[in-house]
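Below is one structure; the comments refer to it alone.
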Amino acid sequence: MKKRILYLISLFFVIVLIFVIAKPIFMLYNSVFAEGLTFKDYLEVMWNGLTLDNTSSAILILVPYLVLFISIWIKLNPRKVLGAYFFIVALVIAIILVVDTSLYEFWSFKLDATILFYIDSPSNVAASVSTMFIVIRIALILIIFDAIFV
């Protein structure tokens, strides 16, 4: 039981760390919009975002918590169930991080429900950027996915 609790706590902090690291990367990539920011400003952004990072991380460890809790009484292999879950979560996080960082350059605001208006016509969205832009973003999604999933 102690191993399960330590696993969940470490999982929580790993997810928080991923979100915290994403903030300065976002700011550095979009540095044109963040000119004149000091190191203190970067730290303040990370600090102020911790509440949302903690909340998001708590939500994301809910499924592993339930799986580990259920596996106490029901014979199941948590690694198999959680492997599929983490595959999906890592992919979604990677896509969101790359898309959010990339679209800010064009939209000048962070990702929100606006993207839902464009989902029905991805060809129109893709037509506004170069093929190389899309290829690089897909490669970044795969690299980030791999880093998170591992």
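By order of appearance in the structure tokens: chains A, B, ..., then residues from 1 within every chain, and ligands from 1 in the order shown.
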* To do: For segment 55-60 of chain A, work out the shell of residues within 8 Å, counting only C-alpha atoms and skipping chain neighbours fewer than 6 positions away, then give it as a list in words.
  =>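 The residues that qualify are Phe12, Phe13, Ile15, Val16 and Val89 of chain A.
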Print the selection's residues with all heavy atoms to a file, as a PDB file, in the first residue's frame.
```pdb
ATOM      1  N   PHE A  12       2.005  12.633  -9.343  1.00  0.00           N
ATOM      2  CA  PHE A  12       1.457  13.985  -9.232  1.00  0.00           C
ATOM      3  C   PHE A  12       2.551  15.027  -9.479  1.00  0.00           C
ATOM      4  O   PHE A  12       2.383  15.950 -10.272  1.00  0.00           O
ATOM      5  CB  PHE A  12       0.825  14.176  -7.844  1.00  0.00           C
ATOM      6  CG  PHE A  12       0.377  15.582  -7.573  1.00  0.00           C
ATOM      7  CD1 PHE A  12      -0.845  16.022  -8.049  1.00  0.00           C
ATOM      8  CD2 PHE A  12       1.165  16.452  -6.854  1.00  0.00           C
ATOM      9  CE1 PHE A  12      -1.274  17.322  -7.811  1.00  0.00           C
ATOM     10  CE2 PHE A  12       0.754  17.750  -6.605  1.00  0.00           C
ATOM     11  CZ  PHE A  12      -0.470  18.181  -7.083  1.00  0.00           C
ATOM     12  N   PHE A  13       3.683  14.874  -8.806  1.00  0.00           N
ATOM     13  CA  PHE A  13       4.756  15.852  -8.938  1.00  0.00           C
ATOM     14  C   PHE A  13       5.413  15.831 -10.320  1.00  0.00           C
ATOM     15  O   PHE A  13       5.840  16.876 -10.823  1.00  0.00           O
ATOM     16  CB  PHE A  13       5.790  15.690  -7.819  1.00  0.00           C
ATOM     17  CG  PHE A  13       5.303  16.215  -6.507  1.00  0.00           C
ATOM     18  CD1 PHE A  13       5.053  15.354  -5.452  1.00  0.00           C
ATOM     19  CD2 PHE A  13       5.056  17.565  -6.332  1.00  0.00           C
ATOM     20  CE1 PHE A  13       4.574  15.842  -4.241  1.00  0.00           C
ATOM     21  CE2 PHE A  13       4.583  18.064  -5.133  1.00  0.00           C
ATOM     22  CZ  PHE A  13       4.340  17.201  -4.076  1.00  0.00           C
ATOM     23  N   ILE A  15       3.806  15.217 -13.134  1.00  0.00           N
ATOM     24  CA  ILE A  15       2.876  15.930 -14.013  1.00  0.00           C
ATOM     25  C   ILE A  15       2.947  17.432 -13.764  1.00  0.00           C
ATOM     26  O   ILE A  15       2.961  18.229 -14.702  1.00  0.00           O
ATOM     27  CB  ILE A  15       1.438  15.390 -13.845  1.00  0.00           C
ATOM     28  CG1 ILE A  15       1.371  13.929 -14.289  1.00  0.00           C
ATOM     29  CG2 ILE A  15       0.452  16.219 -14.650  1.00  0.00           C
ATOM     30  CD1 ILE A  15       0.065  13.232 -13.948  1.00  0.00           C
ATOM     31  N   VAL A  16       3.017  17.825 -12.495  1.00  0.00           N
ATOM     32  CA  VAL A  16       3.172  19.261 -12.179  1.00  0.00           C
ATOM     33  C   VAL A  16       4.452  19.788 -12.812  1.00  0.00           C
ATOM     34  O   VAL A  16       4.459  20.868 -13.416  1.00  0.00           O
ATOM     35  CB  VAL A  16       3.180  19.497 -10.644  1.00  0.00           C
ATOM     36  CG1 VAL A  16       3.618  20.921 -10.309  1.00  0.00           C
ATOM     37  CG2 VAL A  16       1.821  19.216 -10.045  1.00  0.00           C
ATOM     38  N   VAL A  89      -2.919  10.261 -22.365  1.00  0.00           N
ATOM     39  CA  VAL A  89      -2.667  11.514 -21.648  1.00  0.00           C
ATOM     40  C   VAL A  89      -1.401  12.192 -22.178  1.00  0.00           C
ATOM     41  O   VAL A  89      -1.391  13.405 -22.425  1.00  0.00           O
ATOM     42  CB  VAL A  89      -2.559  11.272 -20.121  1.00  0.00           C
ATOM     43  CG1 VAL A  89      -2.004  12.486 -19.400  1.00  0.00           C
ATOM     44  CG2 VAL A  89      -3.923  10.898 -19.565  1.00  0.00           C
TER      45      VAL A  89
END
```
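Considering only C-alpha atoms, the residue among A:Pro24, A:Pro78, A:Gly83, A:Gly49 positioned nearest to Leu66 of chain A is A:Pro78.
Closest approach to Met1 of chain A among A:Ile72, A:Ile21, A:Leu82, A:Met46: A:Ile72, based on only C-alpha atoms.
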* To do: Would you return as JSON, numbers by chain the members of segment 6-122 of chain A that DSSP assigns to helix (DSSP H, G or I) on this structure's backbone?
  => {"A": [6, 7, 8, 9, 10, 11, 12, 13, 14, 15, 16, 17, 18, 19, 20, 21, 22, 23, 24, 25, 26, 27, 28, 29, 39, 40, 41, 42, 43, 44, 45, 46, 47, 48, 50, 51, 52, 53, 54, 55, 56, 57, 58, 59, 60, 62, 63, 64, 65, 66, 67, 68, 69, 70, 78, 79, 80, 81, 82, 83, 84, 85, 86, 87, 88, 89, 90, 91, 92, 93, 94, 95, 96, 97, 98, 99, 100, 101, 102, 103, 104, 105, 106, 107, 113, 114, 115, 116, 117, 122]}
